[in-house]
>>> print(open('final_23.txt').read())   # compact mmCIF, C-alpha atoms and all ligand atoms
# COMPACT_ATOMS: atom_id res chain seq x y z
CA MET A 1 -67.10 -31.21 42.28
CA LYS A 2 -68.58 -34.63 41.73
CA ALA A 3 -66.44 -35.51 38.72
CA LEU A 4 -63.29 -34.93 40.77
CA GLU A 5 -64.59 -36.91 43.73
CA ASP A 6 -65.45 -39.83 41.40
CA ARG A 7 -62.01 -39.70 39.84
CA ILE A 8 -60.31 -39.67 43.26
CA ARG A 9 -62.42 -42.65 44.37
CA GLU A 10 -61.62 -44.60 41.23
CA GLU A 11 -57.94 -43.78 40.79
CA GLY A 12 -56.63 -42.34 44.05
CA LYS A 13 -54.19 -44.34 46.14
CA ILE A 14 -53.70 -43.74 49.85
CA LEU A 15 -50.06 -43.75 50.92
CA PRO A 16 -48.60 -43.39 54.42
CA GLY A 17 -48.53 -39.80 55.68
CA PRO A 18 -51.35 -39.88 54.78
CA VAL A 19 -50.73 -38.82 51.20
CA LEU A 20 -53.33 -39.14 48.47
CA LYS A 21 -51.69 -40.15 45.22
CA VAL A 22 -53.50 -38.97 42.11
CA SER A 23 -50.67 -39.48 39.67
CA SER A 24 -52.88 -40.94 36.94
CA PHE A 25 -54.60 -37.62 36.16
CA LEU A 26 -53.10 -34.73 38.14
CA ASN A 27 -49.63 -35.15 39.64
CA HIS A 28 -47.63 -37.17 37.14
CA GLN A 29 -49.63 -38.15 34.10
CA MET A 30 -52.03 -35.27 33.49
CA ASP A 31 -55.50 -35.45 31.98
CA ALA A 32 -55.36 -32.11 30.18
CA ASP A 33 -59.08 -31.91 29.38
CA PHE A 34 -60.02 -32.72 32.93
CA ILE A 35 -57.49 -30.29 34.41
CA MET A 36 -58.92 -27.52 32.21
CA GLN A 37 -62.34 -28.28 33.71
CA LEU A 38 -60.89 -28.14 37.23
CA GLY A 39 -59.25 -24.80 36.51
CA ALA A 40 -62.47 -23.42 35.01
CA ALA A 41 -64.45 -24.52 38.09
CA ILE A 42 -61.99 -22.70 40.36
CA ALA A 43 -62.08 -19.62 38.12
CA GLU A 44 -65.89 -19.59 38.26
CA GLN A 45 -65.77 -19.08 42.04
CA TYR A 46 -63.45 -16.07 41.79
CA LYS A 47 -64.80 -14.39 38.66
CA GLY A 48 -66.18 -11.45 40.65
CA PHE A 49 -62.96 -10.90 42.60
CA ARG A 50 -61.13 -8.72 40.03
CA VAL A 51 -58.16 -11.10 40.02
CA THR A 52 -55.17 -9.75 38.09
CA LYS A 53 -52.76 -12.65 38.55
CA ILE A 54 -52.61 -16.28 39.61
CA LEU A 55 -49.78 -17.48 41.83
CA THR A 56 -48.82 -21.10 42.40
CA ILE A 57 -45.77 -23.07 43.43
CA GLU A 58 -43.77 -25.40 41.24
CA SER A 59 -44.26 -27.99 40.15
CA SER A 60 -47.52 -29.77 40.83
CA GLY A 61 -49.67 -26.64 41.07
CA ILE A 62 -48.69 -25.32 37.65
CA ALA A 63 -51.09 -27.27 35.44
CA ILE A 64 -54.22 -26.38 37.35
CA ALA A 65 -53.04 -22.80 37.79
CA VAL A 66 -52.63 -22.47 34.00
CA ALA A 67 -56.12 -23.90 33.54
CA ALA A 68 -57.57 -21.33 35.97
CA GLY A 69 -55.52 -18.56 34.37
CA ALA A 70 -56.87 -19.46 30.92
CA ALA A 71 -60.42 -19.23 32.26
CA LEU A 72 -59.84 -15.90 34.02
CA HIS A 73 -57.63 -14.51 31.23
CA VAL A 74 -54.87 -13.47 33.64
CA PRO A 75 -51.15 -14.31 33.79
CA VAL A 76 -49.96 -17.24 35.89
CA LEU A 77 -46.85 -16.84 38.01
CA PHE A 78 -45.21 -19.76 39.77
CA ALA A 79 -42.84 -19.54 42.70
CA LYS A 80 -39.63 -21.32 41.75
CA LYS A 81 -37.87 -23.74 44.02
CA HIS A 82 -34.46 -23.44 42.44
CA LEU A 83 -32.40 -20.45 41.56
CA THR A 84 -31.51 -20.97 37.95
CA SER A 85 -29.79 -18.78 35.42
CA ASN A 86 -33.13 -17.64 34.03
CA VAL A 87 -34.19 -16.29 37.44
CA SER A 88 -32.35 -13.09 38.10
CA GLY A 89 -32.68 -9.61 39.43
CA ASP A 90 -34.56 -8.60 42.51
CA LEU A 91 -36.41 -11.43 44.16
CA TYR A 92 -39.01 -12.00 46.81
CA GLN A 93 -38.23 -15.20 48.67
CA THR A 94 -39.70 -17.25 51.46
CA VAL A 95 -39.17 -20.62 53.12
CA VAL A 96 -41.82 -23.34 52.82
CA HIS A 97 -42.06 -26.60 54.70
CA SER A 98 -42.84 -29.47 52.34
CA TYR A 99 -45.58 -31.78 53.54
CA THR A 100 -44.70 -34.57 51.16
CA HIS A 101 -40.91 -34.41 51.61
CA GLY A 102 -40.69 -33.30 55.23
CA THR A 103 -38.03 -30.68 54.44
CA ASP A 104 -37.82 -26.89 54.18
CA TYR A 105 -37.11 -25.22 50.88
CA THR A 106 -36.83 -21.68 49.56
CA VAL A 107 -39.07 -20.38 46.79
CA VAL A 108 -38.59 -17.19 44.83
CA VAL A 109 -40.42 -14.95 42.40
CA GLU A 110 -38.92 -12.05 40.54
CA ARG A 111 -40.15 -8.72 41.86
CA GLU A 112 -41.06 -7.46 38.42
CA TYR A 113 -43.86 -10.04 38.13
CA LEU A 114 -45.61 -9.32 41.43
CA LYS A 115 -46.68 -5.72 41.99
CA ALA A 116 -48.43 -3.75 44.70
CA ASP A 117 -51.48 -3.24 42.47
CA ASP A 118 -51.95 -6.99 41.86
CA LYS A 119 -54.93 -8.86 43.25
CA VAL A 120 -53.62 -12.39 43.44
CA LEU A 121 -55.47 -15.69 43.40
CA ILE A 122 -53.41 -18.57 44.78
CA VAL A 123 -54.05 -21.90 43.06
CA ASP A 124 -52.63 -25.26 44.09
CA ASP A 125 -53.30 -28.95 43.64
CA PHE A 126 -53.47 -29.88 47.35
CA LEU A 127 -54.11 -28.16 50.67
CA ALA A 128 -52.92 -30.07 53.74
CA ASN A 129 -51.38 -28.08 56.60
CA GLY A 130 -51.36 -24.86 54.61
CA LYS A 131 -47.60 -24.26 54.54
CA ALA A 132 -47.38 -23.87 50.77
CA ILE A 133 -50.20 -21.32 50.77
CA GLU A 134 -48.72 -19.47 53.75
CA GLY A 135 -45.46 -19.15 51.82
CA LEU A 136 -47.25 -17.77 48.79
CA LEU A 137 -49.17 -15.34 51.02
CA ASP A 138 -45.82 -14.16 52.39
CA LEU A 139 -44.59 -13.43 48.84
CA ILE A 140 -47.82 -11.50 48.13
CA ARG A 141 -47.37 -9.53 51.37
CA GLN A 142 -43.74 -8.70 50.54
CA ALA A 143 -44.89 -7.29 47.19
CA GLY A 144 -47.55 -5.18 48.90
CA ALA A 145 -50.14 -6.95 46.72
CA GLU A 146 -53.56 -8.18 47.81
CA ALA A 147 -54.57 -11.85 48.16
CA ALA A 148 -57.93 -12.53 46.49
CA GLY A 149 -58.16 -16.07 47.85
CA ALA A 150 -56.94 -19.60 47.37
CA GLY A 151 -58.50 -22.07 44.93
CA ILE A 152 -57.51 -25.67 45.48
CA ALA A 153 -58.23 -28.93 43.68
CA ILE A 154 -58.08 -31.30 46.66
CA GLU A 155 -58.18 -30.27 50.31
CA LYS A 156 -57.46 -32.79 53.04
CA GLY A 157 -60.04 -31.52 55.49
CA PHE A 158 -58.65 -33.61 58.32
CA GLN A 159 -55.52 -31.47 58.33
CA GLU A 160 -55.44 -27.97 59.75
CA GLY A 161 -54.59 -25.78 56.76
CA GLY A 162 -58.07 -25.11 55.38
CA GLN A 163 -59.60 -24.17 58.71
CA LYS A 164 -56.64 -21.98 59.68
CA LEU A 165 -56.66 -20.08 56.41
CA ARG A 166 -60.46 -19.61 56.40
CA GLU A 167 -60.35 -18.35 59.98
CA SER A 168 -57.73 -15.81 58.91
CA GLY A 169 -60.36 -14.43 56.51
CA LEU A 170 -58.89 -15.76 53.25
CA PRO A 171 -61.59 -16.90 50.79
CA VAL A 172 -60.55 -20.56 50.36
CA TYR A 173 -62.41 -22.76 47.89
CA SER A 174 -61.65 -26.43 47.27
CA LEU A 175 -63.16 -28.52 44.49
CA ALA A 176 -63.04 -31.63 46.68
CA ILE A 177 -62.58 -31.88 50.43
CA VAL A 178 -61.49 -35.25 51.80
CA ASP A 179 -62.67 -35.61 55.39
CA ARG A 180 -61.34 -39.11 55.89
CA MET A 181 -59.26 -41.59 53.97
CA ASP A 182 -58.25 -44.99 55.21
CA GLU A 183 -58.57 -48.68 54.41
CA ASN A 184 -62.36 -48.28 54.49
CA GLY A 185 -62.31 -45.79 51.65
CA ILE A 186 -62.48 -42.05 51.10
CA VAL A 187 -65.16 -39.81 52.61
CA PHE A 188 -65.82 -36.39 51.08
CA ARG A 189 -67.38 -33.40 52.80
CA GLY A 190 -69.72 -32.81 49.85
CA GLU A 191 -70.57 -29.64 48.00
CA ASN A 192 -68.88 -26.53 49.29
CA SER A 193 -68.63 -23.02 47.99
CA LEU A 194 -67.12 -19.73 49.00
P1 LIG A 201 -49.39 -28.04 52.76
O1 LIG A 201 -48.33 -27.04 52.49
O2 LIG A 201 -50.79 -27.48 52.70
O3 LIG A 201 -49.15 -28.84 54.03
O4 LIG A 201 -49.29 -29.12 51.61
C1 LIG A 201 -49.63 -28.77 50.30
C2 LIG A 201 -48.55 -29.13 49.34
O5 LIG A 201 -48.02 -30.42 49.63
C3 LIG A 201 -49.15 -29.19 47.95
O6 LIG A 201 -48.51 -28.21 47.16
C4 LIG A 201 -48.88 -30.59 47.44
O7 LIG A 201 -47.92 -30.55 46.43
C5 LIG A 201 -48.32 -31.36 48.62
N1 LIG A 201 -49.29 -32.32 49.21
C6 LIG A 201 -49.80 -32.28 50.47
N2 LIG A 201 -50.58 -33.32 50.72
C7 LIG A 201 -50.58 -34.06 49.58
C8 LIG A 201 -51.23 -35.29 49.23
O8 LIG A 201 -51.95 -35.94 49.98
N3 LIG A 201 -51.00 -35.73 47.95
C9 LIG A 201 -50.22 -35.06 47.07
N4 LIG A 201 -50.07 -35.59 45.84
N5 LIG A 201 -49.58 -33.91 47.38
C10 LIG A 201 -49.77 -33.41 48.63
>>> encode(input="final_23.txt", output="structure tokens", more="lines below")
Ligand code: 5GP
Amino acid sequence: MKALEDRIREEGKILPGPVLKVSSFLNHQMDADFIMQLGAAIAEQYKGFRVTKILTIESSGIAIAVAAGAALHVPVLFAKKHLTSNVSGDLYQTVVHSYTHGTDYTVVVEREYLKADDKVLIVDDFLANGKAIEGLLDLIRQAGAEAAGAGIAIEKGFQEGGQKLRESGLPVYSLAIVDRMDENGIVFRGENSL
């Protein structure tokens, strides 16, 4: 998506890791109009997939997942990182390794919100090594539900997640794929589709 690539070029900052910081419009301050467009563009790719639910992981995936959910007219469920008093009852849980923090954490969803007859589209802001998506796939598997695919805003194509997930047969679609980012700038893979 050219508008996203332009925005990344103009506002993205490359941090060690390497981590792409897009806090001016996606990860901290959020450009609501723009995020709705990103969500709609992801939804467009999966409109024939009979998606019944969107699943993401808190917190940075939530905004774009809501945008995609609004476009597909389906509920949006987010895996929670912390057990709080408003999460109760029977849970599915899995452990995810955080790329940005370098630590493992547990995420949970309540069983009543993920059912065996759900066809679930995973949506997230970034795809790097694929650990977040693998965790969400594990929750979908535990529920006996079906994964429709994974729609991502920004994929770092130089990390293994995208290739691994596509090779497993999951329909993965990313609005922007970064093939290289360094002091010479950011190189995108260009248009891609499912
Ligand atoms: P993965 O699990 O695919 O290795 O990493 C994806 C998760 O880590 C995303 O949910 C995202 O929050 C975070 N992440 C990975 N790489 C980046 C990055 O370059 N920039 C930002 N802002 N988040 C990232």
>>> closest_atom_pairs(input="final_23.txt", of="chain A", to="ligand LIG 201 (chain A)", cutoff="10 Å", atoms="all atoms listed in the file", output="tab-separated table")
residue	atom	partner	partner_atom	distance
A:Gly12	CA	A:LIG201	N3	9.5
A:Lys13	CA	A:LIG201	N3	9.4
A:Ile14	CA	A:LIG201	O8	8.0
A:Leu15	CA	A:LIG201	O8	8.1
A:Pro16	CA	A:LIG201	O8	9.3
A:Gly17	CA	A:LIG201	O8	7.7
A:Pro18	CA	A:LIG201	O8	6.2
A:Val19	CA	A:LIG201	O8	3.4
A:Leu20	CA	A:LIG201	O8	3.8
A:Lys21	CA	A:LIG201	N4	4.9
A:Val22	CA	A:LIG201	N4	6.1
A:Ser23	CA	A:LIG201	N4	7.3
A:Leu26	CA	A:LIG201	N4	8.3
A:Asn27	CA	A:LIG201	N4	6.2
A:His28	CA	A:LIG201	N4	9.2
A:Thr56	CA	A:LIG201	O6	8.6
A:Ile57	CA	A:LIG201	O6	6.9
A:Glu58	CA	A:LIG201	O6	8.1
A:Ser59	CA	A:LIG201	O7	7.7
A:Ser60	CA	A:LIG201	O7	5.7
A:Gly61	CA	A:LIG201	O6	6.4
A:Ile62	CA	A:LIG201	O6	9.9
A:Val96	CA	A:LIG201	O1	7.5
A:His97	CA	A:LIG201	O1	6.7
A:Ser98	CA	A:LIG201	O5	5.9
A:Tyr99	CA	A:LIG201	O3	4.7
A:Thr100	CA	A:LIG201	C5	5.5
A:His101	CA	A:LIG201	O5	8.4
A:Gly102	CA	A:LIG201	O3	9.6
A:Val123	CA	A:LIG201	O6	9.3
A:Asp124	CA	A:LIG201	O6	5.9
A:Asp125	CA	A:LIG201	C3	6.0
A:Phe126	CA	A:LIG201	C3	4.4
A:Leu127	CA	A:LIG201	O2	4.0
A:Ala128	CA	A:LIG201	O2	3.5
A:Asn129	CA	A:LIG201	O3	3.5
A:Gly130	CA	A:LIG201	O2	3.3
A:Lys131	CA	A:LIG201	O1	3.5
A:Ala132	CA	A:LIG201	O1	3.7
A:Ile133	CA	A:LIG201	O1	6.3
A:Glu134	CA	A:LIG201	O1	7.7
A:Gly135	CA	A:LIG201	O1	8.4
A:Ile152	CA	A:LIG201	C3	9.4
A:Ile154	CA	A:LIG201	C8	8.3
A:Glu155	CA	A:LIG201	N2	8.2
A:Lys156	CA	A:LIG201	O8	7.0
A:Gln159	CA	A:LIG201	O3	8.1
A:Glu160	CA	A:LIG201	O2	8.5
A:Gly161	CA	A:LIG201	O2	5.8
A:Gly162	CA	A:LIG201	O2	8.1
A:Val178	CA	A:LIG201	O8	9.7
>>> closest_residue(input="final_23.txt", among="A:Ala71, A:Ala116, A:Ala63, A:Met181", to="Ile8 of chain A", atoms="only C-alpha atoms")
A:Met181
>>> atom_distance(input="final_23.txt", atom1="atom CA of Leu194 of chain A", atom2="atom CA of Ala32 of chain A")
25.4 Å
>>> closest_residue(input="final_23.txt", among="A:Val108, A:Asp182, A:Gly169, A:Val74", to="Leu136 of chain A", atoms="only C-alpha atoms")
A:Val108
>>> atom_distance(input="final_23.txt", atom1="atom CA of Ser174 of chain A", atom2="atom CA of Ala70 of chain A")
18.4 Å
>>> residues_near_point(input="final_23.txt", point="(-64.1, -25.3, 40.1)", cutoff="12 Å", atoms="only C-alpha atoms", output="PyMOL selection string")
chain A and resi 1-4+34-47+64-65+67-68+71-72+123+125+150-154+172-176+191-194
>>> atom_distance(input="final_23.txt", atom1="atom CA of Arg111 of chain A", atom2="atom CA of His73 of chain A")
21.3 Å
>>> axis_aligned_box(input="final_23.txt", around="segment 15-29 of chain A", padding_each_side="6 Å", output="lines of an AutoDock Vina configuration file")
center_x = -51.1
center_y = -39.2
center_z = 44.9
size_x = 19.0
size_y = 21.0
size_z = 33.6
>>> residues_around(input="final_23.txt", residues="Ala143 of chain A", least_positions_apart="3", cutoff="8 Å", atoms="only C-alpha atoms", output="MDAnalysis selection string")
chainID A and resid 92 111 114:116 139:140
>>> residues_around(input="final_23.txt", residues="Arg50 of chain A", least_positions_apart="4", cutoff="10 Å", atoms="all atoms listed in the file", output="list in words")
Tyr46, Leu72, Asp118, Lys119, Val120, Leu121 and Ala148 of chain A
>>> residues_around(input="final_23.txt", residues="Tyr113 of chain A", least_positions_apart="6", cutoff="12 Å", atoms="all atoms listed in the file", output="number ranges by chain")
A: 52-55, 75-79, 87-92, 120, 139-140, 143, 145
